[in-house]
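Student: upload.cif is reproduced below (mmCIF, C-alpha atoms).
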```
data_my_file
#
loop_
_atom_site.label_atom_id
_atom_site.label_comp_id
_atom_site.auth_asym_id
_atom_site.auth_seq_id
_atom_site.Cartn_x
_atom_site.Cartn_y
_atom_site.Cartn_z
CA MET S 1 19.66 -17.05 -2.44
CA ILE S 2 20.51 -13.53 -3.50
CA ASN S 3 23.75 -11.58 -3.12
CA SER S 4 23.58 -8.38 -1.07
CA GLN S 5 24.74 -6.26 -4.02
CA ASP S 6 21.73 -7.49 -6.07
CA ILE S 7 19.19 -5.96 -3.66
CA LYS S 8 16.70 -3.60 -5.32
CA ASN S 9 13.53 -1.83 -4.17
CA GLY S 10 10.58 -4.22 -3.88
CA VAL S 11 12.66 -7.37 -3.33
CA CYS S 12 11.29 -9.64 -0.59
CA ILE S 13 13.82 -11.12 1.86
CA ARG S 14 13.38 -13.70 4.64
CA MET S 15 15.47 -12.85 7.73
CA ASP S 16 15.10 -14.20 11.27
CA GLY S 17 11.99 -16.14 10.24
CA ARG S 18 10.16 -12.99 9.07
CA LEU S 19 9.46 -11.51 5.63
CA TYR S 20 10.68 -8.03 4.72
CA PHE S 21 10.31 -5.86 1.61
CA VAL S 22 13.20 -3.60 0.59
CA ILE S 23 11.98 0.01 0.54
CA GLU S 24 15.33 1.76 0.18
CA PHE S 25 18.93 0.73 -0.48
CA LEU S 26 22.24 2.53 -0.74
CA HIS S 27 25.57 1.27 -2.06
CA VAL S 28 28.24 2.80 0.25
CA LYS S 29 31.95 2.91 -0.64
CA PRO S 30 33.84 4.34 2.34
CA GLY S 31 37.32 5.85 1.97
CA LYS S 32 38.93 2.74 3.34
CA GLY S 33 37.47 -0.64 4.10
CA ASN S 34 34.97 -2.81 2.26
CA THR S 35 31.95 -1.65 0.30
CA ILE S 36 28.66 -2.14 2.14
CA MET S 37 24.96 -2.04 1.33
CA ARG S 38 22.77 0.02 3.67
CA VAL S 39 19.21 -1.31 3.35
CA LYS S 40 15.84 -0.26 4.82
CA PHE S 41 13.29 -3.06 5.15
CA LYS S 42 9.58 -2.98 5.88
CA ASP S 43 8.13 -5.90 7.84
CA VAL S 44 5.30 -7.53 5.89
CA VAL S 45 3.29 -8.44 9.01
CA ASP S 46 3.38 -5.35 11.22
CA GLY S 47 4.81 -2.68 8.90
CA ARG S 48 7.78 -1.76 11.09
CA VAL S 49 10.82 -0.34 9.30
CA LEU S 50 14.23 -1.91 9.98
CA GLU S 51 17.64 -0.72 8.81
CA ARG S 52 20.53 -3.16 8.30
CA ARG S 53 24.01 -3.15 6.74
CA PHE S 54 25.42 -5.97 4.65
CA ASN S 55 28.91 -6.59 3.29
CA ILE S 56 29.16 -7.07 -0.45
CA GLY S 57 28.88 -10.76 -1.33
CA GLU S 58 26.75 -11.71 1.69
CA LYS S 59 24.04 -14.23 0.83
CA LEU S 60 20.41 -13.50 1.73
CA GLU S 61 17.33 -15.68 1.35
CA ASP S 62 14.99 -14.09 -1.17
CA VAL S 63 11.31 -14.92 -1.42
CA ARG S 64 9.54 -15.09 -4.77
CA VAL S 65 6.34 -13.06 -4.59
CA GLU S 66 3.49 -12.83 -7.07
CA ARG S 67 1.39 -9.73 -7.63
CA ARG S 68 -2.05 -10.40 -9.05
CA PRO S 69 -5.17 -8.27 -9.53
CA TYR S 70 -8.07 -9.24 -7.25
CA GLN S 71 -11.53 -7.68 -7.16
CA PHE S 72 -13.11 -6.79 -3.81
CA LEU S 73 -16.57 -8.39 -3.53
CA TYR S 74 -17.91 -7.87 -0.01
CA LYS S 75 -17.08 -7.76 3.70
CA GLU S 76 -17.88 -10.77 5.88
CA GLY S 77 -17.25 -10.25 9.59
CA ALA S 78 -13.65 -9.12 10.06
CA ASP S 79 -12.54 -10.47 6.66
CA TYR S 80 -12.80 -8.93 3.22
CA ILE S 81 -13.67 -11.32 0.39
CA PHE S 82 -11.65 -10.87 -2.81
CA MET S 83 -11.93 -12.71 -6.13
CA ASN S 84 -8.97 -13.66 -8.31
CA ASN S 85 -9.66 -12.10 -11.73
CA GLU S 86 -8.01 -15.01 -13.57
CA THR S 87 -9.31 -18.11 -11.74
CA PHE S 88 -12.47 -16.60 -10.13
CA GLU S 89 -11.40 -18.16 -6.82
CA GLN S 90 -12.64 -16.26 -3.74
CA VAL S 91 -10.23 -15.60 -0.88
CA PRO S 92 -10.76 -13.91 2.50
CA ILE S 93 -8.15 -11.32 3.51
CA ALA S 94 -7.91 -9.92 7.03
CA HIS S 95 -8.55 -6.22 7.70
CA ASP S 96 -4.98 -5.46 8.85
CA LEU S 97 -3.39 -6.96 5.70
CA ILE S 98 -5.05 -4.39 3.41
CA THR S 99 -3.32 -1.04 2.96
CA GLY S 100 -5.77 1.86 2.62
CA VAL S 101 -8.74 -0.29 3.69
CA ASP S 102 -10.81 2.79 4.64
CA PHE S 103 -11.10 3.72 0.96
CA LEU S 104 -12.08 0.24 -0.30
CA LYS S 105 -15.45 -0.03 -2.04
CA GLU S 106 -17.19 -2.98 -3.67
CA GLY S 107 -16.02 -3.84 -7.17
CA MET S 108 -12.63 -2.12 -6.75
CA THR S 109 -9.60 -3.94 -8.15
CA CYS S 110 -6.60 -4.28 -5.81
CA GLU S 111 -3.16 -5.81 -6.14
CA VAL S 112 -2.71 -8.84 -3.89
CA VAL S 113 0.86 -9.90 -3.07
CA SER S 114 1.39 -13.55 -2.14
CA ASP S 115 4.34 -15.83 -1.39
CA ALA S 116 4.73 -17.95 -4.54
CA SER S 117 6.18 -20.99 -2.73
CA THR S 118 3.49 -21.34 -0.04
CA ASP S 119 0.60 -19.43 -1.70
CA THR S 120 0.01 -17.44 1.50
CA ILE S 121 -1.28 -13.91 1.03
CA LEU S 122 1.15 -11.34 2.41
CA PHE S 123 -0.91 -8.18 1.87
CA ALA S 124 -3.27 -6.37 -0.48
CA GLU S 125 -2.80 -2.80 -1.61
CA LEU S 126 -5.25 -0.40 -3.20
CA PRO S 127 -4.28 1.80 -6.13
CA THR S 128 -2.46 4.91 -4.89
CA LYS S 129 -5.33 7.17 -5.97
CA VAL S 130 -9.05 6.32 -5.98
CA GLU S 131 -12.12 8.31 -6.96
CA LEU S 132 -14.88 8.43 -4.35
CA ALA S 133 -18.10 10.42 -3.92
CA ILE S 134 -18.67 12.81 -1.03
CA THR S 135 -21.78 11.75 0.93
CA TYR S 136 -21.75 14.51 3.53
CA THR S 137 -20.00 17.83 4.05
CA GLU S 138 -20.98 21.33 5.06
CA PRO S 139 -22.07 23.39 2.05
CA GLY S 140 -19.37 25.48 0.40
CA LEU S 141 -19.67 29.12 -0.52
CA LYS S 142 -18.98 30.58 -3.92
CA GLY S 143 -15.52 32.11 -4.03
CA ASP S 144 -14.06 29.99 -1.20
CA THR S 145 -10.92 29.19 -3.15
CA ALA S 146 -8.53 31.91 -1.99
CA THR S 147 -7.38 30.22 1.24
CA ASN S 148 -6.09 26.75 1.94
CA THR S 149 -8.66 26.13 4.66
CA LEU S 150 -10.00 22.57 4.88
CA LYS S 151 -13.27 21.14 6.19
CA PRO S 152 -14.25 17.55 7.10
CA ALA S 153 -16.08 15.43 4.54
CA THR S 154 -17.47 11.88 4.66
CA LEU S 155 -16.84 9.61 1.66
CA GLU S 156 -19.11 6.88 0.28
CA THR S 157 -16.96 4.26 2.06
CA GLY S 158 -17.57 5.94 5.43
CA ALA S 159 -14.04 7.33 5.73
CA GLU S 160 -13.61 10.95 6.73
CA ILE S 161 -11.09 13.21 5.00
CA ARG S 162 -10.38 16.94 4.87
CA VAL S 163 -11.31 18.78 1.67
CA PRO S 164 -11.17 22.43 0.52
CA LEU S 165 -14.12 24.71 1.31
CA PHE S 166 -15.46 24.75 -2.30
CA ILE S 167 -16.15 20.96 -2.37
CA ASN S 168 -19.86 20.11 -2.00
CA GLU S 169 -21.92 17.02 -1.26
CA GLY S 170 -22.31 14.63 -4.22
CA GLU S 171 -19.06 15.63 -5.90
CA ILE S 172 -16.42 13.04 -6.78
CA VAL S 173 -12.90 13.59 -5.45
CA ARG S 174 -9.60 11.82 -5.98
CA VAL S 175 -8.05 10.59 -2.70
CA ASP S 176 -4.50 9.34 -2.00
CA THR S 177 -4.94 5.96 -0.25
CA ARG S 178 -1.48 6.01 1.35
CA ASP S 179 -2.21 8.91 3.70
CA GLY S 180 -5.91 9.69 3.13
CA SER S 181 -5.30 13.14 1.70
CA TYR S 182 -7.46 14.98 -0.82
CA CYS S 183 -5.83 15.27 -4.25
CA GLU S 184 -8.32 16.96 -6.58
CA ARG S 185 -11.92 17.21 -7.67
CA VAL S 186 -12.93 14.92 -10.57
CA ARG S 187 -15.15 16.51 -13.21
#
```
Have the structure of the file written as structure tokens, please.
Tutor:
Amino acid sequence: MINSQDIKNGVCIRMDGRLYFVIEFLHVKPGKGNTIMRVKFKDVVDGRVLERRFNIGEKLEDVRVERRPYQFLYKEGADYIFMNNETFEQVPIAHDLITGVDFLKEGMTCEVVSDASTDTILFAELPTKVELAITYTEPGLKGDTATNTLKPATLETGAEIRVPLFINEGEIVRVDTRDGSYCERVR
């Protein structure tokens, strides 16, 4: 059990039979009345965001989670097969439990979050920025750097993103896996 005033970002809480991660919290001291904690949770299963208020001293059930590096090996049907880097055990993870799955390529190391008490995998998340090669895009013209115009480009994973006009086929770009946006060209 955890007290409501001990809530921090990243803490996992079990409420109403579901698991939630704290994404934002605020300690509120109104002019009169008791101090409260205003907390935003993200549902582990479907990703919905929930906002709740707790009085100071309220007890909540916390869940101990473990974060471990796993290496992506291959895709088998609807599942993605990952290998634990410490025990070399292979585990299948469903498509919808992987954040940024469109930018996942073989051999990439991801962080897998699991419930320590039941050993069930909650989700897997890619690094926030990955480097991928452009497999197809329209050719760019020399000097196309003055405007912020974007064009579509296909990555080596098959995902399509928008890149600046000066990016050409075969170049390696850094992509933000949270929203699929182009960050920069890698030289």
Student: Counting only C-alpha atoms, which of S:Phe72, S:Phe123, S:Phe88, S:Phe166 gets nearest to Pro139 in chain S?
Tutor: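 With only C-alpha atoms as the atom set, the closest residue is S:Phe166.
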Student: Please enumerate the residues selected by the PyMOL selection byres ((chain S and resi 154) around 8) when evaluated against the supplied file, formatted as a list in words.
Tutor: Ile134, Thr135, Tyr136, Thr137, Pro152, Ala153, Leu155, Glu156, Gly158, Ala159, Glu160 and Ile161 of chain S
Student: Which residues would end up in the selection if the PyMOL selection byres ((chain S and resi 32-48) around 10) were applied here, given that I need the answer as an MDAnalysis selection string?
Tutor: chainID S and resid 4:14 18:31 49:58 96:97 122:123
Student: Measuring between all atoms listed in the file, which one of S:Pro164, S:Asp62, S:Tyr70, S:Ser117 shows the shortest distance to Asn148 in chain S?
Tutor: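 Closest to Asn148 in chain S, using all atoms listed in the file: S:Pro164.
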Student: Could you tell me which residues the PyMOL selection byres ((chain S and resi 85) around 7) grabs in this file, written as a ChimeraX atom specification?
Tutor: /S:69-71,83-84,86-88
Student: How far is it from CA of Asp115 in chain S to CA of Arg67 in chain S, in Å with one decimal?
Tutor: 9.2 Å
Student: To box range 109-114 of chain S, take all atoms listed in the file, fit an axis-aligned box, add 5 Å on each side, and give centre and edge lengths in Å to one decimal, as JSON.
Tutor:
```
{"center_x": -4.1, "center_y": -8.7, "center_z": -5.1, "size_x": 21.0, "size_y": 19.6, "size_z": 16.0}
```
Student: Find the residue from S:Ala124, S:Ala116, S:Leu73, S:Met15 that sits nearest to Ile93 in chain S; use only C-alpha atoms when measuring.
Tutor: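 The answer is S:Ala124, which sits nearest to Ile93 in chain S.
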Student: Can you work out which one of S:Glu125, S:Glu106, S:Asp119, S:Glu76 has the shortest atom-to-atom distance to Val63 in chain S, counting all atoms listed in the file?
Tutor: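 Closest residue, counting all atoms listed in the file: S:Asp119.
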Student: Identify which of the residues S:Arg68, S:Val186, S:Met108, S:Thr120 lies closest to Gly170 in chain S, counting all atoms listed in the file when measuring atom-to-atom distances.
Tutor: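 Between S:Arg68, S:Val186, S:Met108, S:Thr120, the residue approaching Gly170 in chain S most closely is S:Val186.
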Student: Between CA of Gly180 in chain S and CA of Phe103 in chain S, measure the distance and give it in Å to one decimal.
Tutor: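 Result for CA of Gly180 in chain S versus CA of Phe103 in chain S: 8.2 Å, one decimal.
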Student: Would you mind telling me which residue in S:Leu132, S:Val91, S:Thr147, S:Glu138 lies nearest to Val173 in chain S when using all atoms listed in the file?
Tutor: S:Leu132
Student: Using Å and a single decimal, report how far CA of Val130 in chain S sits from CA of Asp176 in chain S.
Tutor: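 Value for the CA of Asp176 in chain S-CA of Val130 in chain S distance: 6.8 Å.
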Student: Lys129 in chain S: which residues within 9 Å, counting all atoms listed in the file, same-chain residues fewer than 4 positions away excluded, as a ChimeraX atom specification?
Tutor: /S:174-178,183
Student: Got a sec: who's within 9 Å of Leu150 in chain S, counting only C-alpha atoms, leaving out chain neighbours fewer than 6 positions off, as a list in words?
Tutor: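 My reading of the contact set: Arg162, Val163, Pro164 and Leu165 of chain S.
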Student: My structure is short of atoms at range 103-129 of chain S; please model N, CA, C and O atoms there, returning them as a PDB file, keeping the file's coordinate frame.
Tutor:
```pdb
ATOM      1  N   PHE S 103     -10.657   3.198   2.242  1.00  0.00           N
ATOM      2  CA  PHE S 103     -11.100   3.720   0.960  1.00  0.00           C
ATOM      3  C   PHE S 103     -11.507   2.606  -0.010  1.00  0.00           C
ATOM      4  O   PHE S 103     -11.644   2.828  -1.201  1.00  0.00           O
ATOM      5  N   LEU S 104     -11.729   1.403   0.514  1.00  0.00           N
ATOM      6  CA  LEU S 104     -12.080   0.240  -0.300  1.00  0.00           C
ATOM      7  C   LEU S 104     -13.583   0.182  -0.507  1.00  0.00           C
ATOM      8  O   LEU S 104     -14.345   0.221   0.447  1.00  0.00           O
ATOM      9  N   LYS S 105     -14.027   0.112  -1.768  1.00  0.00           N
ATOM     10  CA  LYS S 105     -15.450  -0.030  -2.040  1.00  0.00           C
ATOM     11  C   LYS S 105     -15.670  -1.246  -2.941  1.00  0.00           C
ATOM     12  O   LYS S 105     -14.746  -1.711  -3.615  1.00  0.00           O
ATOM     13  N   GLU S 106     -16.875  -1.761  -2.915  1.00  0.00           N
ATOM     14  CA  GLU S 106     -17.190  -2.980  -3.670  1.00  0.00           C
ATOM     15  C   GLU S 106     -16.923  -2.806  -5.152  1.00  0.00           C
ATOM     16  O   GLU S 106     -17.230  -1.774  -5.732  1.00  0.00           O
ATOM     17  N   GLY S 107     -16.325  -3.850  -5.750  1.00  0.00           N
ATOM     18  CA  GLY S 107     -16.020  -3.840  -7.170  1.00  0.00           C
ATOM     19  C   GLY S 107     -14.646  -3.286  -7.498  1.00  0.00           C
ATOM     20  O   GLY S 107     -14.205  -3.366  -8.641  1.00  0.00           O
ATOM     21  N   MET S 108     -13.945  -2.718  -6.518  1.00  0.00           N
ATOM     22  CA  MET S 108     -12.630  -2.120  -6.750  1.00  0.00           C
ATOM     23  C   MET S 108     -11.590  -3.223  -6.958  1.00  0.00           C
ATOM     24  O   MET S 108     -11.619  -4.245  -6.299  1.00  0.00           O
ATOM     25  N   THR S 109     -10.674  -2.996  -7.887  1.00  0.00           N
ATOM     26  CA  THR S 109      -9.600  -3.940  -8.150  1.00  0.00           C
ATOM     27  C   THR S 109      -8.360  -3.539  -7.366  1.00  0.00           C
ATOM     28  O   THR S 109      -7.949  -2.386  -7.411  1.00  0.00           O
ATOM     29  N   CYS S 110      -7.784  -4.507  -6.632  1.00  0.00           N
ATOM     30  CA  CYS S 110      -6.600  -4.280  -5.810  1.00  0.00           C
ATOM     31  C   CYS S 110      -5.512  -5.232  -6.259  1.00  0.00           C
ATOM     32  O   CYS S 110      -5.774  -6.231  -6.914  1.00  0.00           O
ATOM     33  N   GLU S 111      -4.288  -4.929  -5.854  1.00  0.00           N
ATOM     34  CA  GLU S 111      -3.160  -5.810  -6.140  1.00  0.00           C
ATOM     35  C   GLU S 111      -2.868  -6.629  -4.886  1.00  0.00           C
ATOM     36  O   GLU S 111      -2.595  -6.063  -3.832  1.00  0.00           O
ATOM     37  N   VAL S 112      -2.957  -7.952  -5.014  1.00  0.00           N
ATOM     38  CA  VAL S 112      -2.710  -8.840  -3.890  1.00  0.00           C
ATOM     39  C   VAL S 112      -1.346  -9.484  -4.070  1.00  0.00           C
ATOM     40  O   VAL S 112      -1.049 -10.059  -5.126  1.00  0.00           O
ATOM     41  N   VAL S 113      -0.506  -9.366  -3.035  1.00  0.00           N
ATOM     42  CA  VAL S 113       0.860  -9.900  -3.070  1.00  0.00           C
ATOM     43  C   VAL S 113       0.882 -11.177  -2.239  1.00  0.00           C
ATOM     44  O   VAL S 113       0.458 -11.179  -1.084  1.00  0.00           O
ATOM     45  N   SER S 114       1.351 -12.276  -2.854  1.00  0.00           N
ATOM     46  CA  SER S 114       1.390 -13.550  -2.140  1.00  0.00           C
ATOM     47  C   SER S 114       2.750 -14.216  -2.319  1.00  0.00           C
ATOM     48  O   SER S 114       3.441 -13.982  -3.307  1.00  0.00           O
ATOM     49  N   ASP S 115       3.111 -15.046  -1.349  1.00  0.00           N
ATOM     50  CA  ASP S 115       4.340 -15.830  -1.390  1.00  0.00           C
ATOM     51  C   ASP S 115       4.118 -16.947  -2.410  1.00  0.00           C
ATOM     52  O   ASP S 115       3.210 -17.757  -2.255  1.00  0.00           O
ATOM     53  N   ALA S 116       4.934 -16.998  -3.457  1.00  0.00           N
ATOM     54  CA  ALA S 116       4.730 -17.950  -4.540  1.00  0.00           C
ATOM     55  C   ALA S 116       4.979 -19.399  -4.101  1.00  0.00           C
ATOM     56  O   ALA S 116       4.369 -20.326  -4.627  1.00  0.00           O
ATOM     57  N   SER S 117       5.864 -19.620  -3.120  1.00  0.00           N
ATOM     58  CA  SER S 117       6.180 -20.990  -2.730  1.00  0.00           C
ATOM     59  C   SER S 117       5.111 -21.598  -1.828  1.00  0.00           C
ATOM     60  O   SER S 117       4.834 -22.786  -1.906  1.00  0.00           O
ATOM     61  N   THR S 118       4.498 -20.803  -0.962  1.00  0.00           N
ATOM     62  CA  THR S 118       3.490 -21.340  -0.040  1.00  0.00           C
ATOM     63  C   THR S 118       2.074 -20.883  -0.353  1.00  0.00           C
ATOM     64  O   THR S 118       1.131 -21.330   0.282  1.00  0.00           O
ATOM     65  N   ASP S 119       1.900 -19.988  -1.301  1.00  0.00           N
ATOM     66  CA  ASP S 119       0.600 -19.430  -1.700  1.00  0.00           C
ATOM     67  C   ASP S 119      -0.118 -18.720  -0.549  1.00  0.00           C
ATOM     68  O   ASP S 119      -1.338 -18.636  -0.540  1.00  0.00           O
ATOM     69  N   THR S 120       0.634 -18.211   0.427  1.00  0.00           N
ATOM     70  CA  THR S 120       0.010 -17.440   1.500  1.00  0.00           C
ATOM     71  C   THR S 120      -0.024 -15.967   1.091  1.00  0.00           C
ATOM     72  O   THR S 120       0.940 -15.453   0.523  1.00  0.00           O
ATOM     73  N   ILE S 121      -1.119 -15.317   1.392  1.00  0.00           N
ATOM     74  CA  ILE S 121      -1.280 -13.910   1.030  1.00  0.00           C
ATOM     75  C   ILE S 121      -0.533 -13.063   2.040  1.00  0.00           C
ATOM     76  O   ILE S 121      -0.738 -13.174   3.245  1.00  0.00           O
ATOM     77  N   LEU S 122       0.361 -12.208   1.548  1.00  0.00           N
ATOM     78  CA  LEU S 122       1.150 -11.340   2.410  1.00  0.00           C
ATOM     79  C   LEU S 122       0.399 -10.052   2.725  1.00  0.00           C
ATOM     80  O   LEU S 122       0.296  -9.647   3.864  1.00  0.00           O
ATOM     81  N   PHE S 123      -0.118  -9.386   1.676  1.00  0.00           N
ATOM     82  CA  PHE S 123      -0.910  -8.180   1.870  1.00  0.00           C
ATOM     83  C   PHE S 123      -1.614  -7.816   0.574  1.00  0.00           C
ATOM     84  O   PHE S 123      -1.314  -8.363  -0.485  1.00  0.00           O
ATOM     85  N   ALA S 124      -2.570  -6.901   0.682  1.00  0.00           N
ATOM     86  CA  ALA S 124      -3.270  -6.370  -0.480  1.00  0.00           C
ATOM     87  C   ALA S 124      -3.141  -4.856  -0.447  1.00  0.00           C
ATOM     88  O   ALA S 124      -3.223  -4.257   0.622  1.00  0.00           O
ATOM     89  N   GLU S 125      -2.917  -4.259  -1.592  1.00  0.00           N
ATOM     90  CA  GLU S 125      -2.800  -2.800  -1.610  1.00  0.00           C
ATOM     91  C   GLU S 125      -3.707  -2.211  -2.682  1.00  0.00           C
ATOM     92  O   GLU S 125      -3.811  -2.726  -3.791  1.00  0.00           O
ATOM     93  N   LEU S 126      -4.372  -1.133  -2.303  1.00  0.00           N
ATOM     94  CA  LEU S 126      -5.250  -0.400  -3.200  1.00  0.00           C
ATOM     95  C   LEU S 126      -4.404   0.409  -4.170  1.00  0.00           C
ATOM     96  O   LEU S 126      -3.229   0.650  -3.911  1.00  0.00           O
ATOM     97  N   PRO S 127      -5.007   0.862  -5.267  1.00  0.00           N
ATOM     98  CA  PRO S 127      -4.280   1.800  -6.130  1.00  0.00           C
ATOM     99  C   PRO S 127      -3.926   3.044  -5.310  1.00  0.00           C
ATOM    100  O   PRO S 127      -4.611   3.367  -4.338  1.00  0.00           O
ATOM    101  N   THR S 128      -2.885   3.757  -5.684  1.00  0.00           N
ATOM    102  CA  THR S 128      -2.460   4.910  -4.890  1.00  0.00           C
ATOM    103  C   THR S 128      -3.505   6.019  -4.873  1.00  0.00           C
ATOM    104  O   THR S 128      -3.616   6.739  -3.887  1.00  0.00           O
ATOM    105  N   LYS S 129      -4.284   6.141  -5.939  1.00  0.00           N
ATOM    106  CA  LYS S 129      -5.330   7.170  -5.970  1.00  0.00           C
ATOM    107  C   LYS S 129      -6.643   6.531  -6.407  1.00  0.00           C
ATOM    108  O   LYS S 129      -6.686   5.788  -7.384  1.00  0.00           O
TER     109      LYS S 129
END
```
